[in-house]
$ cat structure-v8.cif   # mmCIF, C-alpha atoms
data_work
#
loop_
_atom_site.label_atom_id
_atom_site.label_comp_id
_atom_site.auth_asym_id
_atom_site.auth_seq_id
_atom_site.Cartn_x
_atom_site.Cartn_y
_atom_site.Cartn_z
CA MET A 86 5.78 36.06 214.86
CA SER A 87 5.24 33.69 211.96
CA THR A 88 7.29 33.82 208.80
CA LYS A 89 5.57 33.34 205.47
CA VAL A 90 7.56 31.32 202.98
CA GLU A 91 6.68 31.91 199.36
CA THR A 92 7.08 29.00 196.97
CA LYS A 93 7.19 29.51 193.25
CA VAL A 94 4.58 27.52 191.40
CA ILE A 95 6.07 25.88 188.32
CA SER A 96 3.57 25.51 185.50
CA ARG A 97 3.30 22.44 183.32
CA GLU A 98 4.51 24.52 180.36
CA ASP A 99 7.61 25.54 182.32
CA LEU A 100 8.35 21.87 183.00
CA LYS A 101 7.98 21.05 179.30
CA LYS A 102 10.25 23.91 178.30
CA ARG A 103 12.95 22.94 180.78
CA VAL A 104 13.12 19.35 179.66
CA GLY A 105 12.90 20.24 175.96
CA TYR A 106 15.77 22.69 176.22
CA LYS A 107 17.91 20.27 178.24
CA ALA A 108 17.49 17.50 175.67
CA VAL A 109 18.94 19.68 172.93
CA ASP A 110 21.68 21.08 175.17
CA ASP A 111 22.82 17.62 176.25
CA TYR A 112 22.29 15.43 173.21
CA VAL A 113 22.50 17.51 170.03
CA HIS A 114 25.91 18.39 168.61
CA SER A 115 27.08 20.05 165.42
CA GLY A 116 27.02 17.86 162.32
CA MET A 117 24.12 15.69 163.47
CA VAL A 118 21.01 14.45 161.72
CA VAL A 119 18.24 14.90 164.30
CA GLY A 120 14.78 13.38 164.40
CA LEU A 121 12.35 16.11 165.42
CA GLY A 122 9.37 14.91 167.41
CA THR A 123 5.82 16.18 167.54
CA GLY A 124 3.78 17.49 170.45
CA SER A 125 3.67 20.12 173.14
CA THR A 126 6.96 19.04 174.77
CA ALA A 127 8.87 18.38 171.56
CA TYR A 128 7.86 21.90 170.54
CA TYR A 129 10.33 23.33 173.04
CA ALA A 130 13.16 21.08 171.88
CA ILE A 131 12.66 22.36 168.34
CA GLU A 132 12.50 25.92 169.64
CA ARG A 133 15.82 25.41 171.42
CA LEU A 134 17.44 23.84 168.36
CA GLY A 135 16.42 26.81 166.22
CA GLN A 136 17.76 29.20 168.84
CA LYS A 137 21.15 27.48 169.05
CA LEU A 138 21.48 27.36 165.27
CA ARG A 139 20.57 31.03 164.98
CA GLU A 140 23.10 32.02 167.66
CA GLY A 141 25.88 29.91 166.12
CA GLU A 142 26.19 27.48 169.03
CA LEU A 143 25.37 24.66 166.63
CA HIS A 144 26.09 24.32 162.93
CA ASN A 145 25.63 21.79 160.15
CA VAL A 146 22.60 20.22 161.86
CA VAL A 147 19.70 18.92 159.78
CA GLY A 148 16.36 17.76 161.12
CA ILE A 149 13.86 15.15 160.01
CA PRO A 150 10.35 16.21 161.11
CA THR A 151 7.80 13.66 162.26
CA SER A 152 4.73 15.66 161.19
CA THR A 153 3.62 18.56 159.03
CA LYS A 154 3.15 20.60 162.22
CA THR A 155 6.78 20.00 163.20
CA GLU A 156 7.88 20.73 159.65
CA LEU A 157 6.13 24.10 159.72
CA GLN A 158 7.61 25.04 163.09
CA SER A 159 11.10 23.99 161.97
CA LYS A 160 10.87 26.01 158.77
CA SER A 161 9.73 29.07 160.73
CA LEU A 162 12.96 28.75 162.76
CA ASN A 163 15.13 28.21 159.67
CA ILE A 164 16.13 24.70 160.73
CA PRO A 165 17.44 22.81 157.66
CA LEU A 166 15.29 19.77 156.95
CA THR A 167 15.79 16.47 155.18
CA THR A 168 14.25 12.98 155.00
CA LEU A 169 15.30 9.39 155.58
CA ASP A 170 15.45 8.97 151.81
CA THR A 171 18.67 10.98 151.66
CA HIS A 172 19.80 10.75 155.31
CA PRO A 173 18.99 7.23 156.56
CA VAL A 174 21.26 7.51 159.61
CA VAL A 175 19.72 9.52 162.46
CA GLU A 176 22.20 10.26 165.25
CA VAL A 177 19.55 11.27 167.76
CA ALA A 178 15.79 11.73 167.88
CA ILE A 179 14.02 13.79 170.53
CA ASP A 180 10.31 13.38 171.18
CA GLY A 181 7.67 13.38 173.86
CA ALA A 182 5.41 10.51 174.92
CA ASP A 183 1.90 10.07 176.24
CA GLU A 184 2.97 7.35 178.68
CA VAL A 185 6.31 5.95 179.87
CA ASP A 186 6.63 2.80 181.98
CA GLU A 187 9.53 1.75 184.21
CA LYS A 188 11.23 -0.07 181.30
CA LEU A 189 10.96 3.04 179.10
CA ASN A 190 8.30 1.46 176.92
CA LEU A 191 5.94 4.07 175.55
CA VAL A 192 2.50 4.92 174.32
CA LYS A 193 2.65 7.64 171.68
CA GLY A 194 0.36 9.04 169.04
CA ARG A 195 -2.45 10.73 170.92
CA GLY A 196 -1.41 13.78 168.92
CA GLY A 197 -1.83 11.81 165.70
CA SER A 198 1.75 11.46 164.41
CA LEU A 199 2.59 7.93 165.51
CA LEU A 200 3.44 6.47 162.09
CA ARG A 201 6.05 9.04 161.10
CA GLU A 202 7.38 9.12 164.65
CA LYS A 203 7.95 5.37 164.69
CA LEU A 204 9.37 5.36 161.15
CA ILE A 205 12.01 7.96 161.99
CA GLU A 206 12.71 7.00 165.59
CA THR A 207 13.27 3.36 164.71
CA GLU A 208 16.32 4.55 162.74
CA ALA A 209 17.73 6.71 165.55
CA LYS A 210 20.97 5.62 167.17
CA LYS A 211 19.65 7.28 170.35
CA LEU A 212 16.03 8.05 171.14
CA VAL A 213 15.65 10.70 173.84
CA ILE A 214 12.17 10.91 175.34
CA ILE A 215 11.18 14.13 177.11
CA VAL A 216 8.20 14.24 179.47
CA ASP A 217 6.93 15.82 182.63
CA ASP A 218 6.36 13.50 185.57
CA SER A 219 2.63 13.18 184.90
CA LYS A 220 3.46 10.82 182.00
CA LEU A 221 5.08 8.12 184.15
CA VAL A 222 2.87 5.04 184.54
CA GLN A 223 3.01 1.52 185.90
CA ASN A 224 0.99 -0.01 183.06
CA LEU A 225 0.73 1.29 179.51
CA GLY A 226 -2.68 2.24 178.18
CA MET A 227 -4.35 3.11 181.47
CA THR A 228 -4.39 6.93 181.22
CA GLY A 229 -5.91 7.30 177.78
CA ALA A 230 -6.04 5.94 174.26
CA VAL A 231 -3.73 3.45 172.62
CA PRO A 232 -3.84 4.90 169.08
CA VAL A 233 -3.92 2.67 166.02
CA GLU A 234 -3.54 4.16 162.55
CA VAL A 235 -5.72 2.36 159.99
CA ILE A 236 -6.52 2.76 156.32
CA PRO A 237 -9.90 4.42 155.66
CA PHE A 238 -11.16 1.50 153.55
CA CYS A 239 -13.44 -0.68 155.71
CA TRP A 240 -12.24 0.98 158.90
CA LYS A 241 -15.28 -0.23 160.85
CA HIS A 242 -14.36 -3.81 160.04
CA THR A 243 -10.75 -3.17 161.11
CA MET A 244 -11.97 -1.69 164.37
CA ARG A 245 -14.14 -4.76 165.03
CA ARG A 246 -11.14 -7.02 164.45
CA LEU A 247 -9.08 -4.99 166.93
CA LEU A 248 -11.78 -5.46 169.57
CA GLN A 249 -11.61 -9.23 169.07
CA LEU A 250 -7.88 -9.57 169.80
CA GLU A 251 -7.03 -12.30 172.29
CA SER A 252 -4.32 -10.17 173.91
CA LEU A 253 -6.94 -7.55 174.91
CA ALA A 254 -9.67 -9.97 175.98
CA GLU A 255 -9.10 -9.43 179.71
CA CYS A 256 -8.93 -5.64 179.46
CA ASN A 257 -12.59 -4.74 178.82
CA VAL A 258 -11.46 -2.91 175.69
CA SER A 259 -13.52 -0.35 173.78
CA ALA A 260 -12.75 1.64 170.65
CA THR A 261 -13.71 4.86 168.90
CA ILE A 262 -12.74 6.42 165.61
CA ARG A 263 -10.92 9.69 166.29
CA SER A 264 -12.84 12.78 165.26
CA GLU A 265 -12.02 16.45 164.80
CA LYS A 266 -14.63 19.19 164.42
CA ASP A 267 -17.47 16.71 163.81
CA SER A 268 -15.50 14.90 161.10
CA ILE A 269 -13.23 11.87 161.17
CA TYR A 270 -9.67 12.91 161.97
CA VAL A 271 -7.28 12.38 159.06
CA THR A 272 -3.56 11.87 159.68
CA ASP A 273 -0.71 13.41 157.70
CA ASN A 274 -0.70 10.11 155.78
CA ASN A 275 -4.41 10.37 154.85
CA ASN A 276 -5.34 7.56 157.24
CA TYR A 277 -7.71 7.31 160.21
CA ILE A 278 -6.95 6.60 163.86
CA VAL A 279 -8.82 4.08 165.98
CA ASP A 280 -8.38 4.86 169.66
CA LEU A 281 -8.39 1.79 171.89
CA PHE A 282 -9.32 2.20 175.57
CA VAL A 283 -8.67 -0.45 178.21
CA GLU A 284 -10.15 -0.55 181.69
CA ARG A 285 -7.67 -3.13 183.01
CA PRO A 286 -3.91 -3.47 182.38
CA ILE A 287 -2.83 -5.28 179.23
CA PRO A 288 -1.32 -8.59 180.45
CA ASP A 289 1.32 -8.88 177.70
CA ILE A 290 2.02 -5.55 176.00
CA SER A 291 4.47 -7.11 173.55
CA LEU A 292 1.92 -9.68 172.39
CA ALA A 293 -0.71 -6.96 172.10
CA GLY A 294 1.59 -4.92 169.87
CA ARG A 295 2.24 -7.88 167.59
CA GLN A 296 -1.42 -8.83 167.33
CA ILE A 297 -2.50 -5.27 166.59
CA SER A 298 0.11 -5.07 163.81
CA ASP A 299 -1.15 -8.35 162.33
CA VAL A 300 -4.69 -7.05 161.77
CA VAL A 301 -5.15 -6.37 158.06
CA GLY A 302 -5.98 -2.71 157.61
CA VAL A 303 -3.73 -1.55 160.44
CA VAL A 304 -0.87 0.69 159.32
CA GLU A 305 0.86 1.22 162.69
CA HIS A 306 0.12 1.47 166.41
CA GLY A 307 1.27 3.73 169.21
CA ILE A 308 2.96 1.09 171.38
CA PHE A 309 6.70 1.83 171.22
CA LEU A 310 8.62 -1.05 172.83
CA ASN A 311 12.38 -1.24 173.43
CA MET A 312 13.01 1.96 171.49
CA ALA A 313 13.79 4.70 174.03
CA ASP A 314 17.40 4.92 175.25
CA VAL A 315 16.96 7.68 177.79
CA CYS A 316 14.06 9.58 179.30
CA LEU A 317 14.33 13.08 180.74
CA VAL A 318 11.59 13.62 183.31
CA SER A 319 10.82 17.15 184.42
CA GLY A 320 9.27 17.75 187.84
CA THR A 321 9.02 20.47 190.44
CA GLU A 322 12.29 19.31 191.99
CA GLY A 323 14.22 19.36 188.72
CA ILE A 324 14.97 17.04 185.83
CA ARG A 325 15.61 13.35 186.36
CA VAL A 326 17.51 11.31 183.75
CA ILE A 327 16.43 7.68 183.40
CA GLU A 328 18.69 5.46 181.31
CA LYS A 329 17.45 2.28 179.71
CA GLU A 330 18.70 -0.82 181.52
CA ARG A 331 21.03 -2.87 179.35
#
$ encode --input "structure-v8.cif" --output "structure tokens"
Amino acid sequence: MSTKVETKVISREDLKKRVGYKAVDDYVHSGMVVGLGTGSTAYYAIERLGQKLREGELHNVVGIPTSTKTELQSKSLNIPLTTLDTHPVVEVAIDGADEVDEKLNLVKGRGGSLLREKLIETEAKKLVIIVDDSKLVQNLGMTGAVPVEVIPFCWKHTMRRLLQLESLAECNVSATIRSEKDSIYVTDNNNYIVDLFVERPIPDISLAGRQISDVVGVVEHGIFLNMADVCLVSGTEGIRVIEKER
């Protein structure tokens, strides 16, 4: 007689919720200023923060949102909000990522909030990245766009200059302007996003980041280097904690 073993299928949303909740449980304490990330995984961290504030497990916590979407969610949960203008010291920031390599370098911004994310998370004493295991990569930029926020003025010229960068010459790079509902996508900062796509790994990601930043018309890019301190990775076997090597 055979015995049938039932295994519970864990959905991708369940994985996101688990890692989002754990980040708040482990890294947010009363009295903190917290950077609140943007995206489908950060959503659950914000949900958990609101829950713990409501239930009295945390108090005197203020958040700095990285997008209008995060701001709206936080307000709906009665999370007190502030800005870097009045609270320049951020004890911890929690956010997702589109890609994470073995050194905890990141690609972020496929959701459109890269500028505010980088502005706030640069100031964080600890940046906690929360992802499911599908976001782990060997080489950044190979699973989708490397977003670049640009000013609307002469954006086509800026995009041409990005395609001419020496650091991307070996990558067979292409570019598109991000669109939404048949119109050009506009960020919270009233800018556009050029999405860069590479077919081969970027040889020197640090050089690429510097050269992208040096193009006149570029506001910021989605390559986040040497910023993450810890990454919580959710998978079917549980949550793995990866610390940045010092």
$ atom_distance --input "structure-v8.cif" --atom1 "CA of Leu166 (chain A)" --atom2 "CA of Met312 (chain A)"
23.1 Å
$ residues_around --input "structure-v8.cif" --residues "Thr151 (chain A)" --least-positions-apart "2" --cutoff "12 Å" --atoms "all atoms listed in the file" --output "mmCIF file with C-alpha atoms, in the frame of the given file"
data_model
loop_
_atom_site.group_PDB
_atom_site.id
_atom_site.type_symbol
_atom_site.label_atom_id
_atom_site.label_comp_id
_atom_site.auth_asym_id
_atom_site.auth_seq_id
_atom_site.Cartn_x
_atom_site.Cartn_y
_atom_site.Cartn_z
ATOM 1 C CA VAL A 119 18.240 14.900 164.300
ATOM 2 C CA GLY A 120 14.780 13.380 164.400
ATOM 3 C CA LEU A 121 12.350 16.110 165.420
ATOM 4 C CA GLY A 122 9.370 14.910 167.410
ATOM 5 C CA THR A 123 5.820 16.180 167.540
ATOM 6 C CA GLY A 124 3.780 17.490 170.450
ATOM 7 C CA ALA A 127 8.870 18.380 171.560
ATOM 8 C CA TYR A 128 7.860 21.900 170.540
ATOM 9 C CA ILE A 131 12.660 22.360 168.340
ATOM 10 C CA GLY A 148 16.360 17.760 161.120
ATOM 11 C CA ILE A 149 13.860 15.150 160.010
ATOM 12 C CA THR A 153 3.620 18.560 159.030
ATOM 13 C CA LYS A 154 3.150 20.600 162.220
ATOM 14 C CA THR A 155 6.780 20.000 163.200
ATOM 15 C CA GLU A 156 7.880 20.730 159.650
ATOM 16 C CA LEU A 157 6.130 24.100 159.720
ATOM 17 C CA GLN A 158 7.610 25.040 163.090
ATOM 18 C CA SER A 159 11.100 23.990 161.970
ATOM 19 C CA LEU A 166 15.290 19.770 156.950
ATOM 20 C CA THR A 167 15.790 16.470 155.180
ATOM 21 C CA THR A 168 14.250 12.980 155.000
ATOM 22 C CA LEU A 169 15.300 9.390 155.580
ATOM 23 C CA ALA A 178 15.790 11.730 167.880
ATOM 24 C CA ILE A 179 14.020 13.790 170.530
ATOM 25 C CA ASP A 180 10.310 13.380 171.180
ATOM 26 C CA GLY A 181 7.670 13.380 173.860
ATOM 27 C CA GLY A 194 0.360 9.040 169.040
ATOM 28 C CA GLY A 196 -1.410 13.780 168.920
ATOM 29 C CA GLY A 197 -1.830 11.810 165.700
ATOM 30 C CA SER A 198 1.750 11.460 164.410
ATOM 31 C CA LEU A 199 2.590 7.930 165.510
ATOM 32 C CA LEU A 200 3.440 6.470 162.090
ATOM 33 C CA ARG A 201 6.050 9.040 161.100
ATOM 34 C CA GLU A 202 7.380 9.120 164.650
ATOM 35 C CA LYS A 203 7.950 5.370 164.690
ATOM 36 C CA LEU A 204 9.370 5.360 161.150
ATOM 37 C CA ILE A 205 12.010 7.960 161.990
ATOM 38 C CA GLU A 206 12.710 7.000 165.590
ATOM 39 C CA THR A 207 13.270 3.360 164.710
ATOM 40 C CA THR A 272 -3.560 11.870 159.680
ATOM 41 C CA ASP A 273 -0.710 13.410 157.700
ATOM 42 C CA ASN A 274 -0.700 10.110 155.780
#
$ residues_around --input "structure-v8.cif" --residues "Ser259 (chain A)" --least-positions-apart "4" --cutoff "7 Å" --atoms "only C-alpha atoms" --output "VMD selection string"
chain A and resid 248 281 to 283
$ resolve_selection --input "structure-v8.cif" --expression "the PyMOL selection byres ((chain A and resi 220) around 7)" --output "number ranges by chain"
A: 183-185, 216-219, 221-222
$ closest_residue --input "structure-v8.cif" --among "A:Leu191, A:Ile287, A:Ile278, A:Val174" --to "Met227 (chain A)" --atoms "all atoms listed in the file"
A:Ile287
$ resolve_selection --input "structure-v8.cif" --expression "the PyMOL selection byres ((chain A and resi 134-141) around 12)" --output "PyMOL selection string"
chain A and resi 105-117+119-121+127-133+142-148+158-166+179
$ resolve_selection --input "structure-v8.cif" --expression "the PyMOL selection byres ((chain A and resi 249) around 12)" --output "PyMOL selection string"
chain A and resi 242-248+250-260+281+293+296-297+300
$ atom_distance --input "structure-v8.cif" --atom1 "CA of Ala182 (chain A)" --atom2 "CA of Cys316 (chain A)"
9.7 Å
$ closest_residue --input "structure-v8.cif" --among "A:Ile327, A:Val301, A:Cys239, A:Val192" --to "Asp314 (chain A)" --atoms "all atoms listed in the file"
A:Ile327
$ axis_aligned_box --input "structure-v8.cif" --around "region 209-221 of chain A" --padding-each-side "6 Å" --output "lines of an AutoDock Vina configuration file"
center_x = 11.8
center_y = 10.7
center_z = 175.6
size_x = 30.3
size_y = 22.2
size_z = 32.0
$ atom_distance --input "structure-v8.cif" --atom1 "CA of Ser125 (chain A)" --atom2 "CA of Arg295 (chain A)"
28.6 Å
$ closest_residue --input "structure-v8.cif" --among "A:Thr171, A:Gln223, A:Thr126, A:Asn275" --to "Val304 (chain A)" --atoms "only C-alpha atoms"
A:Asn275
$ closest_residue --input "structure-v8.cif" --among "A:His172, A:Lys188, A:Arg285, A:Lys102" --to "Ile215 (chain A)" --atoms "all atoms listed in the file"
A:Lys102
$ build_atoms --input "structure-v8.cif" --residues "region 137-154 of chain A" --atoms "N, CA, C and O atoms" --output "CSV table (one decimal), in the coordinates of the input"
chain,number,residue,atom,x,y,z
A,137,LYS,N,19.7,27.8,169.0
A,137,LYS,CA,21.2,27.5,169.0
A,137,LYS,C,21.8,27.6,167.6
A,137,LYS,O,22.9,28.0,167.5
A,138,LEU,N,21.0,27.2,166.6
A,138,LEU,CA,21.5,27.4,165.3
A,138,LEU,C,21.6,28.8,164.9
A,138,LEU,O,22.6,29.3,164.3
A,139,ARG,N,20.6,29.6,165.3
A,139,ARG,CA,20.6,31.0,165.0
A,139,ARG,C,21.7,31.8,165.7
A,139,ARG,O,22.3,32.7,165.1
A,140,GLU,N,22.0,31.4,166.9
A,140,GLU,CA,23.1,32.0,167.7
A,140,GLU,C,24.5,31.5,167.4
A,140,GLU,O,25.5,31.9,168.0
A,141,GLY,N,24.6,30.5,166.5
A,141,GLY,CA,25.9,29.9,166.1
A,141,GLY,C,26.5,28.9,167.1
A,141,GLY,O,27.6,28.5,166.9
A,142,GLU,N,25.7,28.5,168.1
A,142,GLU,CA,26.2,27.5,169.0
A,142,GLU,C,26.2,26.1,168.4
A,142,GLU,O,27.0,25.2,168.8
A,143,LEU,N,25.4,25.9,167.4
A,143,LEU,CA,25.4,24.7,166.6
A,143,LEU,C,25.5,25.0,165.2
A,143,LEU,O,25.0,26.1,164.7
A,144,HIS,N,26.0,24.1,164.4
A,144,HIS,CA,26.1,24.3,162.9
A,144,HIS,C,26.1,23.0,162.2
A,144,HIS,O,26.3,21.9,162.8
A,145,ASN,N,25.7,23.0,161.0
A,145,ASN,CA,25.6,21.8,160.2
A,145,ASN,C,24.7,20.7,160.8
A,145,ASN,O,25.0,19.5,160.8
A,146,VAL,N,23.6,21.1,161.3
A,146,VAL,CA,22.6,20.2,161.9
A,146,VAL,C,21.4,20.2,160.9
A,146,VAL,O,20.9,21.3,160.5
A,147,VAL,N,20.9,19.0,160.6
A,147,VAL,CA,19.7,18.9,159.8
A,147,VAL,C,18.7,18.1,160.6
A,147,VAL,O,19.0,17.2,161.3
A,148,GLY,N,17.4,18.4,160.4
A,148,GLY,CA,16.4,17.8,161.1
A,148,GLY,C,15.5,17.0,160.2
A,148,GLY,O,15.3,17.3,159.0
A,149,ILE,N,14.9,15.9,160.7
A,149,ILE,CA,13.9,15.2,160.0
A,149,ILE,C,12.6,15.3,160.8
A,149,ILE,O,12.5,14.7,161.9
A,150,PRO,N,11.6,16.0,160.3
A,150,PRO,CA,10.4,16.2,161.1
A,150,PRO,C,9.4,15.0,161.1
A,150,PRO,O,9.4,14.3,160.1
A,151,THR,N,8.7,14.8,162.2
A,151,THR,CA,7.8,13.7,162.3
A,151,THR,C,6.3,14.0,162.0
A,151,THR,O,5.5,13.2,162.1
A,152,SER,N,6.1,15.2,161.5
A,152,SER,CA,4.7,15.7,161.2
A,152,SER,C,4.8,16.9,160.4
A,152,SER,O,5.8,17.6,160.4
A,153,THR,N,3.7,17.3,159.7
A,153,THR,CA,3.6,18.6,159.0
A,153,THR,C,3.7,19.7,160.0
A,153,THR,O,4.2,20.8,159.7
A,154,LYS,N,3.1,19.5,161.2
A,154,LYS,CA,3.2,20.6,162.2
A,154,LYS,C,4.6,20.9,162.6
A,154,LYS,O,5.0,22.0,162.7
